[in-house]
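Listing of coords-v8.cif, mmCIF, C-alpha atoms and all ligand atoms
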```cif
data_query
loop_
_atom_site.label_atom_id
_atom_site.label_comp_id
_atom_site.auth_asym_id
_atom_site.auth_seq_id
_atom_site.Cartn_x
_atom_site.Cartn_y
_atom_site.Cartn_z
CA MET A 1 87.65 92.24 86.21
CA ASN A 2 86.08 95.54 85.17
CA LYS A 3 85.27 94.41 81.63
CA GLY A 4 82.80 96.71 79.95
CA LEU A 5 83.22 99.31 82.67
CA LEU A 6 84.55 102.75 81.88
CA SER A 7 87.07 104.32 84.24
CA VAL A 8 86.14 107.49 86.12
CA ASP A 9 88.87 109.38 84.29
CA GLU A 10 87.72 108.21 80.85
CA ALA A 11 84.13 109.15 81.60
CA LEU A 12 85.17 112.54 82.98
CA ALA A 13 87.32 113.32 79.94
CA THR A 14 84.46 112.49 77.54
CA LEU A 15 82.02 114.47 79.65
CA LEU A 16 84.24 117.53 79.85
CA ALA A 17 84.92 117.44 76.11
CA GLY A 18 81.18 117.92 75.70
CA ALA A 19 80.86 120.82 78.14
CA VAL A 20 80.46 124.09 76.24
CA PRO A 21 80.96 127.27 78.27
CA VAL A 22 78.04 129.72 78.24
CA VAL A 23 79.08 132.79 76.27
CA THR A 24 76.50 135.28 77.45
CA THR A 25 77.81 137.74 79.98
CA GLU A 26 76.25 140.42 82.13
CA MET A 27 77.44 143.40 84.12
CA VAL A 28 76.73 143.20 87.84
CA PRO A 29 77.56 145.59 90.66
CA THR A 30 80.74 144.46 92.41
CA LEU A 31 78.71 144.25 95.62
CA GLU A 32 76.59 141.50 94.02
CA ALA A 33 79.41 139.73 92.19
CA PHE A 34 80.34 137.31 94.97
CA ASP A 35 80.20 133.70 93.68
CA ARG A 36 79.80 134.77 90.06
CA VAL A 37 82.33 133.76 87.40
CA LEU A 38 84.41 136.56 86.00
CA ALA A 39 84.04 136.84 82.22
CA ALA A 40 86.94 139.20 81.59
CA SER A 41 90.24 139.60 83.36
CA GLN A 42 90.44 142.75 85.44
CA VAL A 43 93.25 145.27 85.23
CA SER A 44 93.83 148.04 87.71
CA THR A 45 93.83 151.57 86.36
CA MET A 46 95.35 152.93 89.54
CA ASP A 47 98.12 152.46 92.07
CA VAL A 48 97.28 150.86 95.43
CA PRO A 49 97.77 152.34 97.87
CA PRO A 50 96.93 155.47 95.91
CA MET A 51 99.29 157.59 98.04
CA ASP A 52 102.17 157.14 100.46
CA ASN A 53 100.54 156.58 103.84
CA SER A 54 101.27 155.63 107.41
CA ALA A 55 101.09 152.03 108.59
CA MET A 56 100.93 153.11 112.24
CA ASP A 57 99.63 155.69 114.65
CA GLY A 58 102.71 157.75 115.51
CA TYR A 59 104.89 160.57 114.18
CA ALA A 60 106.05 161.20 110.64
CA LEU A 61 109.50 162.76 110.54
CA ARG A 62 112.82 163.03 108.76
CA VAL A 63 115.27 160.32 109.77
CA ALA A 64 118.07 162.93 109.58
CA ASP A 65 116.38 164.84 112.43
CA VAL A 66 116.77 161.91 114.83
CA PRO A 67 120.52 161.14 114.94
CA ALA A 68 120.17 159.61 118.40
CA ALA A 69 117.41 158.32 120.70
CA GLY A 70 115.88 161.16 122.76
CA ALA A 71 115.74 163.74 119.96
CA ARG A 72 113.04 166.36 120.56
CA LEU A 73 110.97 167.65 117.62
CA LEU A 74 108.25 170.24 117.36
CA VAL A 75 104.90 168.70 116.38
CA ALA A 76 103.97 171.12 113.63
CA GLN A 77 100.83 169.43 112.30
CA LYS A 78 98.38 166.61 112.74
CA VAL A 79 97.34 164.40 109.80
CA MET A 80 94.26 162.22 110.12
CA ALA A 81 93.23 159.49 107.67
CA GLY A 82 91.42 161.14 104.77
CA ALA A 83 93.23 164.47 105.21
CA VAL A 84 96.26 165.83 103.37
CA GLY A 85 99.09 167.35 105.41
CA ALA A 86 101.41 170.21 104.59
CA PRO A 87 105.05 169.60 103.54
CA LEU A 88 107.09 168.75 106.61
CA ALA A 89 109.49 171.49 107.67
CA ALA A 90 112.95 170.27 108.69
CA GLY A 91 113.26 169.71 112.42
CA THR A 92 109.54 169.11 112.90
CA ALA A 93 107.31 166.04 113.17
CA ALA A 94 103.71 165.42 112.14
CA ARG A 95 101.34 163.60 114.45
CA ILE A 96 99.95 160.95 112.09
CA PHE A 97 97.40 158.16 112.16
CA THR A 98 97.12 154.85 110.31
CA GLY A 99 96.16 155.36 106.68
CA ALA A 100 96.88 159.10 106.71
CA PRO A 101 99.00 160.45 103.83
CA ILE A 102 102.68 160.98 104.59
CA PRO A 103 103.51 164.70 104.46
CA ARG A 104 106.01 165.54 101.73
CA GLY A 105 109.55 165.50 103.13
CA ALA A 106 108.94 162.85 105.80
CA ASP A 107 110.83 159.58 105.27
CA ALA A 108 109.78 157.51 108.29
CA VAL A 109 107.02 157.04 110.82
CA VAL A 110 107.88 156.28 114.43
CA MET A 111 105.11 154.43 116.21
CA GLN A 112 103.60 156.27 119.14
CA GLU A 113 104.74 153.56 121.57
CA SER A 114 108.35 154.68 120.84
CA CYS A 115 107.63 158.35 121.53
CA THR A 116 106.78 160.62 124.45
CA ALA A 117 104.49 163.56 123.82
CA GLU A 118 105.60 166.71 125.65
CA GLY A 119 103.20 169.59 125.09
CA GLY A 120 103.67 170.75 121.53
CA ALA A 121 106.75 168.56 121.05
CA VAL A 122 107.61 164.89 120.84
CA VAL A 123 110.62 163.03 122.21
CA VAL A 124 111.60 160.19 119.89
CA ASN A 125 112.96 157.34 121.98
CA LYS A 126 114.42 155.28 119.18
CA VAL A 127 116.38 155.98 116.05
CA PRO A 128 114.08 155.29 113.07
CA ARG A 129 115.07 153.45 109.93
CA ALA A 130 114.34 155.17 106.62
CA GLU A 131 110.95 154.08 105.18
CA GLU A 132 109.86 152.58 108.49
CA TRP A 133 106.03 152.25 108.74
CA ILE A 134 105.50 153.94 105.40
CA ARG A 135 103.35 152.19 102.82
CA ARG A 136 104.49 153.58 99.49
CA ARG A 137 102.10 154.39 96.68
CA GLY A 138 101.74 151.42 94.32
CA SER A 139 103.57 149.02 96.66
CA ASP A 140 100.63 146.57 96.43
CA ILE A 141 99.24 147.17 92.93
CA ARG A 142 100.53 149.31 90.05
CA ALA A 143 98.29 150.86 87.42
CA GLY A 144 98.19 148.35 84.55
CA ASP A 145 98.60 145.28 86.77
CA ALA A 146 96.23 142.35 86.13
CA ILE A 147 94.46 141.68 89.40
CA LEU A 148 91.85 138.98 88.66
CA PRO A 149 91.85 136.42 85.81
CA ALA A 150 88.84 135.58 83.64
CA GLY A 151 87.25 132.30 84.64
CA LYS A 152 87.62 132.87 88.37
CA ARG A 153 84.66 132.24 90.61
CA LEU A 154 84.69 135.32 92.77
CA LEU A 155 85.32 134.96 96.47
CA PRO A 156 84.60 137.77 98.95
CA GLN A 157 88.24 138.86 98.91
CA ASP A 158 88.19 139.06 95.10
CA THR A 159 85.29 141.50 95.14
CA GLY A 160 87.13 143.46 97.82
CA LEU A 161 90.23 143.56 95.64
CA ALA A 162 88.21 144.79 92.63
CA ALA A 163 86.63 147.45 94.82
CA SER A 164 90.04 148.56 96.11
CA VAL A 165 90.93 149.72 92.60
CA GLY A 166 87.60 151.44 92.15
CA ILE A 167 85.84 148.82 90.00
CA GLY A 168 82.13 149.25 90.68
CA MET A 169 80.76 146.81 88.06
CA LEU A 170 82.08 143.45 86.93
CA GLN A 171 81.46 141.48 83.78
CA VAL A 172 80.40 137.95 84.73
CA ARG A 173 79.04 134.95 82.89
CA ARG A 174 75.36 134.25 82.86
CA ARG A 175 74.51 131.57 85.40
CA VAL A 176 74.17 128.04 84.06
CA ARG A 177 70.53 127.02 83.76
CA LEU A 178 70.29 123.61 85.34
CA GLY A 179 67.12 121.55 85.03
CA LEU A 180 66.47 118.79 87.54
CA PHE A 181 63.88 116.06 87.64
CA PHE A 182 63.41 112.95 89.69
CA THR A 183 62.09 109.69 88.31
CA GLY A 184 60.32 107.09 90.36
CA ASP A 185 56.71 106.11 91.10
CA GLU A 186 57.80 105.41 94.66
CA LEU A 187 58.68 109.05 95.39
CA VAL A 188 56.70 111.23 97.80
CA MET A 189 57.48 114.77 98.90
CA PRO A 190 58.32 115.41 102.56
CA GLY A 191 55.32 116.99 104.23
CA ASP A 192 52.99 114.49 102.56
CA PRO A 193 52.10 111.25 104.34
CA LEU A 194 54.09 108.23 103.26
CA PRO A 195 51.89 105.46 101.85
CA PRO A 196 53.07 101.85 102.15
CA GLY A 197 55.87 100.98 99.79
CA ARG A 198 56.84 104.57 99.08
CA ILE A 199 59.90 106.67 100.03
CA TYR A 200 60.61 110.35 100.31
CA ASN A 201 62.27 112.18 97.44
CA SER A 202 65.48 112.99 99.24
CA ASN A 203 67.48 113.44 96.04
CA ARG A 204 65.45 116.53 95.20
CA PHE A 205 66.94 118.25 98.22
CA THR A 206 70.48 117.01 97.80
CA LEU A 207 70.65 117.89 94.12
CA ASN A 208 68.96 121.28 94.53
CA GLY A 209 71.48 122.15 97.21
CA LEU A 210 74.39 121.01 95.08
CA ALA A 211 73.10 122.99 92.11
CA LYS A 212 72.89 126.11 94.26
CA ALA A 213 76.32 125.48 95.72
CA TYR A 214 77.69 125.78 92.19
CA GLY A 215 75.81 128.97 91.45
CA CYS A 216 73.26 127.50 89.03
CA ASP A 217 69.99 129.01 88.05
CA VAL A 218 67.96 125.94 89.07
CA ARG A 219 64.77 124.83 87.31
CA ASP A 220 63.18 122.01 89.27
CA TYR A 221 60.62 119.97 87.32
CA GLY A 222 59.81 117.75 90.30
CA ILE A 223 58.85 114.11 90.29
CA VAL A 224 58.24 112.38 86.98
CA PRO A 225 56.30 109.11 86.89
CA ASP A 226 57.94 105.97 85.55
CA SER A 227 56.53 106.10 82.03
CA LEU A 228 58.18 106.75 78.70
CA GLU A 229 55.68 109.40 77.67
CA ALA A 230 55.94 111.40 80.91
CA THR A 231 59.74 111.19 80.89
CA ARG A 232 59.97 112.30 77.26
CA GLU A 233 57.64 115.22 77.80
CA VAL A 234 59.46 116.64 80.80
CA LEU A 235 62.80 116.03 79.18
CA ARG A 236 61.80 117.93 76.03
CA HIS A 237 60.40 120.79 78.06
CA ALA A 238 63.44 120.99 80.36
CA ALA A 239 65.91 120.76 77.49
CA GLY A 240 64.19 123.70 75.82
CA GLU A 241 64.81 125.88 78.88
CA CYS A 242 68.15 124.72 80.25
CA ASP A 243 71.85 124.39 79.45
CA LEU A 244 72.04 121.09 81.28
CA VAL A 245 69.40 118.63 82.48
CA VAL A 246 70.30 116.32 85.36
CA THR A 247 68.01 113.53 86.50
CA SER A 248 68.03 110.96 89.26
CA GLY A 249 66.95 107.35 88.88
CA GLY A 250 65.69 105.29 86.01
CA VAL A 251 69.05 104.86 84.30
CA SER A 252 69.46 101.16 84.92
CA VAL A 253 67.86 98.65 82.61
CA GLY A 254 64.97 97.61 84.84
CA ASP A 255 61.34 97.53 83.73
CA ALA A 256 60.73 100.99 85.21
CA ASP A 257 63.82 102.67 83.75
CA PHE A 258 62.64 105.09 81.08
CA VAL A 259 65.41 107.66 81.06
CA LYS A 260 67.51 105.85 78.50
CA PRO A 261 64.75 105.36 75.88
CA ALA A 262 63.42 108.88 76.55
CA VAL A 263 66.80 110.52 75.88
CA GLU A 264 67.32 108.33 72.82
CA ALA A 265 63.91 109.33 71.47
CA GLU A 266 64.44 113.06 72.11
CA GLY A 267 68.15 113.29 71.43
CA SER A 268 71.25 111.14 71.66
CA LEU A 269 72.72 109.17 74.50
CA LEU A 270 75.85 107.47 75.73
CA MET A 271 75.20 104.94 78.49
CA TRP A 272 78.07 104.14 80.73
CA LYS A 273 78.79 101.65 83.39
CA ILE A 274 81.52 103.31 85.36
CA ALA A 275 84.10 101.47 87.41
CA MET A 276 83.33 103.34 90.61
CA LYS A 277 81.60 102.70 93.88
CA PRO A 278 79.15 104.16 94.65
CA GLY A 279 77.93 104.99 91.20
CA ARG A 280 78.06 102.65 88.26
CA PRO A 281 75.27 103.61 85.81
CA LEU A 282 75.59 107.07 84.35
CA ALA A 283 73.95 108.48 81.24
CA PHE A 284 75.35 111.32 79.17
CA GLY A 285 73.80 112.83 76.11
CA ARG A 286 72.20 115.78 74.40
CA VAL A 287 68.63 116.81 73.86
CA GLY A 288 68.39 119.70 71.45
CA GLU A 289 70.74 122.43 72.66
CA ALA A 290 70.94 121.03 76.17
CA ALA A 291 73.38 118.57 77.64
CA PHE A 292 71.98 115.70 79.64
CA ILE A 293 73.40 113.75 82.59
CA GLY A 294 71.38 110.95 84.15
CA LEU A 295 72.48 109.99 87.66
CA PRO A 296 71.63 106.79 89.50
CA GLY A 297 68.65 106.99 91.88
CA ASN A 298 70.44 105.67 94.89
CA PRO A 299 70.89 108.69 97.18
CA VAL A 300 74.57 108.16 97.95
CA SER A 301 75.33 107.33 94.33
CA SER A 302 73.59 110.39 92.96
CA PHE A 303 75.35 112.59 95.53
CA VAL A 304 78.80 111.19 94.78
CA THR A 305 78.37 111.09 90.99
CA PHE A 306 77.15 114.69 91.09
CA LEU A 307 80.31 115.71 92.94
CA ILE A 308 82.63 113.73 90.69
CA PHE A 309 81.00 114.35 87.28
CA VAL A 310 78.32 117.03 87.33
CA ARG A 311 80.41 119.44 89.40
CA PRO A 312 83.31 119.76 86.90
CA PHE A 313 80.87 119.68 83.97
CA LEU A 314 78.90 122.55 85.47
CA GLN A 315 82.03 124.48 86.29
CA LYS A 316 83.39 124.17 82.78
CA THR A 317 79.98 125.19 81.40
CA GLN A 318 80.09 128.13 83.77
CA GLY A 319 83.42 129.18 82.26
CA ILE A 320 85.57 128.29 85.26
CA ALA A 321 89.15 127.71 84.20
CA ASP A 322 90.32 125.34 86.90
CA VAL A 323 87.80 122.57 87.62
CA ALA A 324 89.91 119.84 89.21
CA PRO A 325 89.26 119.56 92.96
CA LYS A 326 92.36 119.84 95.11
CA SER A 327 92.81 116.72 97.17
CA ILE A 328 94.66 116.38 100.45
CA ALA A 329 97.11 113.63 101.33
CA ALA A 330 95.81 112.48 104.69
CA ARG A 331 96.53 109.78 107.24
CA ALA A 332 94.10 106.87 107.39
CA ASP A 333 93.16 106.03 110.97
CA PHE A 334 91.26 103.05 109.62
CA ASP A 335 91.80 99.72 107.89
CA TRP A 336 90.13 98.99 104.58
CA THR A 337 91.08 95.41 104.01
CA GLU A 338 88.56 94.33 101.39
CA PRO A 339 88.76 96.95 98.68
CA ASP A 340 86.47 96.76 95.67
CA SER A 341 87.59 95.99 92.15
CA ARG A 342 86.26 99.47 91.31
CA ARG A 343 87.60 102.85 92.42
CA GLU A 344 85.82 103.78 95.62
CA PHE A 345 84.74 107.07 97.12
CA LEU A 346 84.52 106.36 100.82
CA ARG A 347 82.71 108.64 103.23
CA ALA A 348 85.23 109.75 105.86
CA ARG A 349 85.75 112.43 108.45
CA TRP A 350 88.52 114.01 110.46
CA ASN A 351 88.83 112.44 113.89
CA GLY A 352 90.43 115.35 115.75
CA LYS A 353 93.80 113.57 115.84
CA GLY A 354 94.88 114.64 112.39
CA GLY A 355 93.61 111.48 110.74
CA LEU A 356 90.55 110.20 108.90
CA GLU A 357 87.94 107.72 110.03
CA LEU A 358 85.42 105.92 107.85
CA TYR A 359 81.71 105.78 108.37
CA PRO A 360 81.08 102.25 109.68
CA THR A 361 78.97 101.24 106.69
CA GLN A 362 79.81 102.28 103.16
CA ASP A 363 76.55 100.92 101.73
CA SER A 364 75.45 103.22 98.93
CA ALA A 365 71.89 103.38 100.22
CA VAL A 366 73.02 104.78 103.58
CA MET A 367 72.53 108.53 103.23
CA THR A 368 73.64 109.04 106.84
CA SER A 369 77.22 108.43 105.78
CA THR A 370 77.20 111.50 103.53
CA ALA A 371 75.91 113.81 106.25
CA TRP A 372 78.32 112.39 108.84
CA ALA A 373 81.39 112.76 106.61
CA ASP A 374 83.73 115.69 105.93
CA GLY A 375 84.49 114.39 102.46
CA LEU A 376 85.44 111.40 100.35
CA VAL A 377 88.50 109.18 100.38
CA ASP A 378 89.37 108.56 96.73
CA ASN A 379 90.59 104.98 96.92
CA PRO A 380 92.05 103.28 93.83
CA ALA A 381 90.62 99.95 92.66
CA GLN A 382 91.77 96.95 94.69
CA HIS A 383 93.77 99.12 97.00
CA ALA A 384 93.83 97.93 100.60
CA VAL A 385 94.45 100.57 103.24
CA ARG A 386 96.25 99.99 106.50
CA ARG A 387 96.02 102.24 109.51
CA GLY A 388 98.71 104.90 109.14
CA ASP A 389 98.75 104.81 105.32
CA ILE A 390 98.42 108.05 103.41
CA VAL A 391 95.22 108.28 101.38
CA THR A 392 93.78 110.82 98.95
CA PHE A 393 91.03 112.85 100.57
CA LEU A 394 88.56 115.10 98.78
CA PRO A 395 87.13 117.36 101.49
CA TYR A 396 83.62 118.71 100.94
CA SER A 397 85.05 122.19 101.46
CA GLU A 398 87.05 121.62 98.28
CA LEU A 399 84.32 119.80 96.38
CA TYR A 400 81.82 122.55 97.13
CA ARG A 401 84.14 125.14 95.67
P1 LIG A 501 66.70 103.63 90.28
O1 LIG A 501 68.02 104.16 89.83
O2 LIG A 501 65.55 104.39 89.75
O3 LIG A 501 66.60 102.17 90.03
O4 LIG A 501 66.68 103.83 91.86
C1 LIG A 501 67.64 103.19 92.69
C2 LIG A 501 67.26 103.33 94.14
O5 LIG A 501 67.25 104.71 94.50
C3 LIG A 501 65.88 102.82 94.48
O6 LIG A 501 65.94 102.24 95.75
C4 LIG A 501 65.04 104.07 94.49
O7 LIG A 501 63.90 103.93 95.30
C5 LIG A 501 66.00 105.09 95.05
N1 LIG A 501 65.66 106.42 94.59
C6 LIG A 501 65.41 106.79 93.31
N2 LIG A 501 65.13 108.09 93.23
C7 LIG A 501 65.23 108.58 94.48
C8 LIG A 501 65.02 109.86 95.05
N3 LIG A 501 64.69 110.92 94.29
N4 LIG A 501 65.18 110.03 96.39
C9 LIG A 501 65.53 108.97 97.14
N5 LIG A 501 65.72 107.72 96.68
C10 LIG A 501 65.56 107.51 95.36
MG MG A 502 63.52 104.11 89.58
#
```
Here is a file; write its structure as structure tokens.
Ligand code: AMP
Ligand code: MG
Amino acid sequence: MNKGLLSVDEALATLLAGAVPVVTTEMVPTLEAFDRVLAASQVSTMDVPPMDNSAMDGYALRVADVPAAGARLLVAQKVMAGAVGAPLAAGTAARIFTGAPIPRGADAVVMQESCTAEGGAVVVNKVPRAEEWIRRRGSDIRAGDAILPAGKRLLPQDTGLAASVGIGMLQVRRRVRLGLFFTGDELVMPGDPLPPGRIYNSNRFTLNGLAKAYGCDVRDYGIVPDSLEATREVLRHAAGECDLVVTSGGVSVGDADFVKPAVEAEGSLLMWKIAMKPGRPLAFGRVGEAAFIGLPGNPVSSFVTFLIFVRPFLQKTQGIADVAPKSIAARADFDWTEPDSRREFLRARWNGKGGLELYPTQDSAVMTSTAWADGLVDNPAQHAVRRGDIVTFLPYSELYR
């Protein structure tokens, strides 16, 4: 049924085999490293926490000094966060605050809610356990521990973790230079009036946003007329400046489809018809040092094929180790009784009852479906879905990671 069509997995494997990670790295301040890809694994040179400290506001004491509830101890010192106390004399307590170092000799902290302050003394109303409310030095991280692996795209908490061990600069990969251009004589930019027969270049916005979502250094070459010469010229120029060139439109075999001959003239090309919906035509090749991926012009198709193919390609090029999106097994609150002979990526969203609903039309020209949805149901070829079935869902939150 799908004769001559390549499966999504076959196409992805071939594509990824051709993705070469950028090798250039740069040092950036940890404060600016969010969303960058770590080039070298990071090892802590210190213990965290760096000293024994209190997990509570309360009193540091020796457990042996509180044999029974109601013991009364002299408060001999006060230790604030950032200060260093004196060694704790037997029979005394130290007033202590969260994060403050534990005075030498103390082996527990009693939270202030379990104590009664009485002038210069404290009555301890409960018998403490040894180690209670003490965070020991190195209990989180030990000097020499690996804390962040190479190939990780840094999240806010990763930069915080690096900072917690005193790392002020991080070695990251250079951003991928992604060139974009948009073929089609019908295209007009929003803001300009729309002459009869023309449409707005919506793909420019979708693909720019996607490129930024994956941390690319975007070079946008704008609209390219439907001519072989114009397409070749922009392609050559873009390929000279970029790691990857992605285009929309012109990859079918219509009279106005010049992407294929242009790539063949400037480099080499594989043309695929992929067994997926939306999608189908996809071009993959090389022009000089740059990789090339030609997406279909249809707005939903270019959006979905970017997510399914360009995303992992970019991530591998960016040096990211783990590029497969994590899917969720989710309940279908819909029927899909006439599945396609191709694998489908259906626009769906959570319905507030723990299930998924489909956008009423799955036509690949209906851009509204992509904005309405929370993600894509990855539905196998010829697979009918009944209400209550479990389907594979690729949430945007995961795909945009
Ligand atoms: P093509 O792949 O060039 O045959 O285009 C397929 C369909 O997508 C046609 O209806 C085009 O008008 C439309 N299309 C192509 N490029 C864009 C674009 N940049 N923005 C919106 N629609 C487009
Ligand atoms: Mg076209």
Which residues of chain A sit at most 9 Å from ligand MG 502 (chain A), using all atoms listed in the file? Give each one's shortest atom pair and distance in Å (one decimal place), in chain and ascending residue order, as a Markdown table.
```
| residue | atom | partner | partner_atom | distance |
| --- | --- | --- | --- | --- |
| A:Phe182 | CA | A:MG502 | MG | 8.8 |
| A:Thr183 | CA | A:MG502 | MG | 5.9 |
| A:Gly184 | CA | A:MG502 | MG | 4.4 |
| A:Asp185 | CA | A:MG502 | MG | 7.3 |
| A:Glu186 | CA | A:MG502 | MG | 7.8 |
| A:Asp226 | CA | A:MG502 | MG | 7.1 |
| A:Ser248 | CA | A:MG502 | MG | 8.2 |
| A:Gly249 | CA | A:MG502 | MG | 4.8 |
| A:Gly250 | CA | A:MG502 | MG | 4.3 |
| A:Val251 | CA | A:MG502 | MG | 7.7 |
| A:Ser252 | CA | A:MG502 | MG | 8.1 |
| A:Gly254 | CA | A:MG502 | MG | 8.2 |
| A:Ala256 | CA | A:MG502 | MG | 6.1 |
| A:Asp257 | CA | A:MG502 | MG | 6.0 |
| A:Phe258 | CA | A:MG502 | MG | 8.6 |
| A:Pro296 | CA | A:MG502 | MG | 8.5 |
| A:Gly297 | CA | A:MG502 | MG | 6.3 |
| A:Asn298 | CA | A:MG502 | MG | 8.9 |
```
Give as an mmCIF file with C-alpha atoms, in the frame of the given file the set of residues within 10 Å of the point (113.4, 163.9, 110.4), where distances use the file's coordinates and all atoms listed in the file.
```cif
data_model
loop_
_atom_site.group_PDB
_atom_site.id
_atom_site.type_symbol
_atom_site.label_atom_id
_atom_site.label_comp_id
_atom_site.auth_asym_id
_atom_site.auth_seq_id
_atom_site.Cartn_x
_atom_site.Cartn_y
_atom_site.Cartn_z
ATOM 1 C CA TYR A 59 104.890 160.570 114.180
ATOM 2 C CA ALA A 60 106.050 161.200 110.640
ATOM 3 C CA LEU A 61 109.500 162.760 110.540
ATOM 4 C CA ARG A 62 112.820 163.030 108.760
ATOM 5 C CA VAL A 63 115.270 160.320 109.770
ATOM 6 C CA ALA A 64 118.070 162.930 109.580
ATOM 7 C CA ASP A 65 116.380 164.840 112.430
ATOM 8 C CA VAL A 66 116.770 161.910 114.830
ATOM 9 C CA PRO A 67 120.520 161.140 114.940
ATOM 10 C CA ALA A 71 115.740 163.740 119.960
ATOM 11 C CA LEU A 73 110.970 167.650 117.620
ATOM 12 C CA LEU A 88 107.090 168.750 106.610
ATOM 13 C CA ALA A 89 109.490 171.490 107.670
ATOM 14 C CA ALA A 90 112.950 170.270 108.690
ATOM 15 C CA GLY A 91 113.260 169.710 112.420
ATOM 16 C CA THR A 92 109.540 169.110 112.900
ATOM 17 C CA ALA A 93 107.310 166.040 113.170
ATOM 18 C CA ALA A 94 103.710 165.420 112.140
ATOM 19 C CA GLY A 105 109.550 165.500 103.130
ATOM 20 C CA ALA A 106 108.940 162.850 105.800
ATOM 21 C CA ASP A 107 110.830 159.580 105.270
ATOM 22 C CA ALA A 108 109.780 157.510 108.290
ATOM 23 C CA VAL A 109 107.020 157.040 110.820
ATOM 24 C CA PRO A 128 114.080 155.290 113.070
ATOM 25 C CA ALA A 130 114.340 155.170 106.620
#
```
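For the choices A:Val304, A:Val22, A:Ala283, A:Val323, the atom-to-atom distance to Ala262 in chain A is smallest for A:Ala283 when using only C-alpha atoms.
Nearest-residue note for ligand LIG 501 (chain A): choosing from A:Gly240, A:Gly388, A:Pro190, A:Pro261, the minimum distance belongs to A:Pro190, counting all atoms listed in the file.
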Do you know which residues are at most 12 Å from Leu31 in chain A counting all atoms listed in the file, after dropping those on the same chain fewer than 5 positions away, and could you put them as a compact mmCIF listing (two decimals) with C-alpha atoms, in the frame of the given file?
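Done, and the output landed in result-v1.txt:
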```
# COMPACT_ATOMS: atom_id res chain seq x y z
CA ARG A 36 79.80 134.77 90.06
CA LEU A 154 84.69 135.32 92.77
CA LEU A 155 85.32 134.96 96.47
CA PRO A 156 84.60 137.77 98.95
CA GLN A 157 88.24 138.86 98.91
CA ASP A 158 88.19 139.06 95.10
CA THR A 159 85.29 141.50 95.14
CA GLY A 160 87.13 143.46 97.82
CA LEU A 161 90.23 143.56 95.64
CA ALA A 162 88.21 144.79 92.63
CA ALA A 163 86.63 147.45 94.82
CA GLY A 166 87.60 151.44 92.15
CA ILE A 167 85.84 148.82 90.00
CA GLY A 168 82.13 149.25 90.68
CA MET A 169 80.76 146.81 88.06
CA LEU A 170 82.08 143.45 86.93
```
**OP:** List every protein, DNA or RNA residue that has at least one atom no more than 12 Å from (68.6, 121.4, 95.5) in the file's coordinates, counting all atoms listed in the file, and write the result as a VMD selection string.
**Re:** chain A and resid 178 to 182 201 to 222 246 to 247 303 306
Write out, as a PDB file, keeping the file's coordinate frame, the residues just selected, with C-alpha atoms.
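And here's selection_19.pdb as it stands now:
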```pdb
ATOM      1  CA  LEU A 178      70.290 123.610  85.340  1.00  0.00           C
ATOM      2  CA  GLY A 179      67.120 121.550  85.030  1.00  0.00           C
ATOM      3  CA  LEU A 180      66.470 118.790  87.540  1.00  0.00           C
ATOM      4  CA  PHE A 181      63.880 116.060  87.640  1.00  0.00           C
ATOM      5  CA  PHE A 182      63.410 112.950  89.690  1.00  0.00           C
ATOM      6  CA  ASN A 201      62.270 112.180  97.440  1.00  0.00           C
ATOM      7  CA  SER A 202      65.480 112.990  99.240  1.00  0.00           C
ATOM      8  CA  ASN A 203      67.480 113.440  96.040  1.00  0.00           C
ATOM      9  CA  ARG A 204      65.450 116.530  95.200  1.00  0.00           C
ATOM     10  CA  PHE A 205      66.940 118.250  98.220  1.00  0.00           C
ATOM     11  CA  THR A 206      70.480 117.010  97.800  1.00  0.00           C
ATOM     12  CA  LEU A 207      70.650 117.890  94.120  1.00  0.00           C
ATOM     13  CA  ASN A 208      68.960 121.280  94.530  1.00  0.00           C
ATOM     14  CA  GLY A 209      71.480 122.150  97.210  1.00  0.00           C
ATOM     15  CA  LEU A 210      74.390 121.010  95.080  1.00  0.00           C
ATOM     16  CA  ALA A 211      73.100 122.990  92.110  1.00  0.00           C
ATOM     17  CA  LYS A 212      72.890 126.110  94.260  1.00  0.00           C
ATOM     18  CA  ALA A 213      76.320 125.480  95.720  1.00  0.00           C
ATOM     19  CA  TYR A 214      77.690 125.780  92.190  1.00  0.00           C
ATOM     20  CA  GLY A 215      75.810 128.970  91.450  1.00  0.00           C
ATOM     21  CA  CYS A 216      73.260 127.500  89.030  1.00  0.00           C
ATOM     22  CA  ASP A 217      69.990 129.010  88.050  1.00  0.00           C
ATOM     23  CA  VAL A 218      67.960 125.940  89.070  1.00  0.00           C
ATOM     24  CA  ARG A 219      64.770 124.830  87.310  1.00  0.00           C
ATOM     25  CA  ASP A 220      63.180 122.010  89.270  1.00  0.00           C
ATOM     26  CA  TYR A 221      60.620 119.970  87.320  1.00  0.00           C
ATOM     27  CA  GLY A 222      59.810 117.750  90.300  1.00  0.00           C
ATOM     28  CA  VAL A 246      70.300 116.320  85.360  1.00  0.00           C
ATOM     29  CA  THR A 247      68.010 113.530  86.500  1.00  0.00           C
ATOM     30  CA  PHE A 303      75.350 112.590  95.530  1.00  0.00           C
ATOM     31  CA  PHE A 306      77.150 114.690  91.090  1.00  0.00           C
TER      32      PHE A 306
END
```
Subject >> Residues within 12 Å of range 40-48 of chain A, all atoms listed in the file, excluding chain neighbours under 2 positions, as a PyMOL selection string >> reply: chain A and resi 23-27+36-38+50-53+135-154+158-159+161-173+319-321
**OP:** Tell me, in Å to one decimal, how far atom C6 of ligand LIG 501 (chain A) is from CA of Val245 in chain A.
**Re:** 16.5 Å
**OP:** Write out as a VMD selection string which residues come within 12 Å of Leu307 in chain A when counting only C-alpha atoms, dropping same-chain ones fewer than 6 positions away.
**Re:** chain A and resid 12 206 to 207 209 to 211 213 to 214 278 to 279 295 300 to 301 313 to 315 323 to 325 345 370 375 to 376 394 to 401
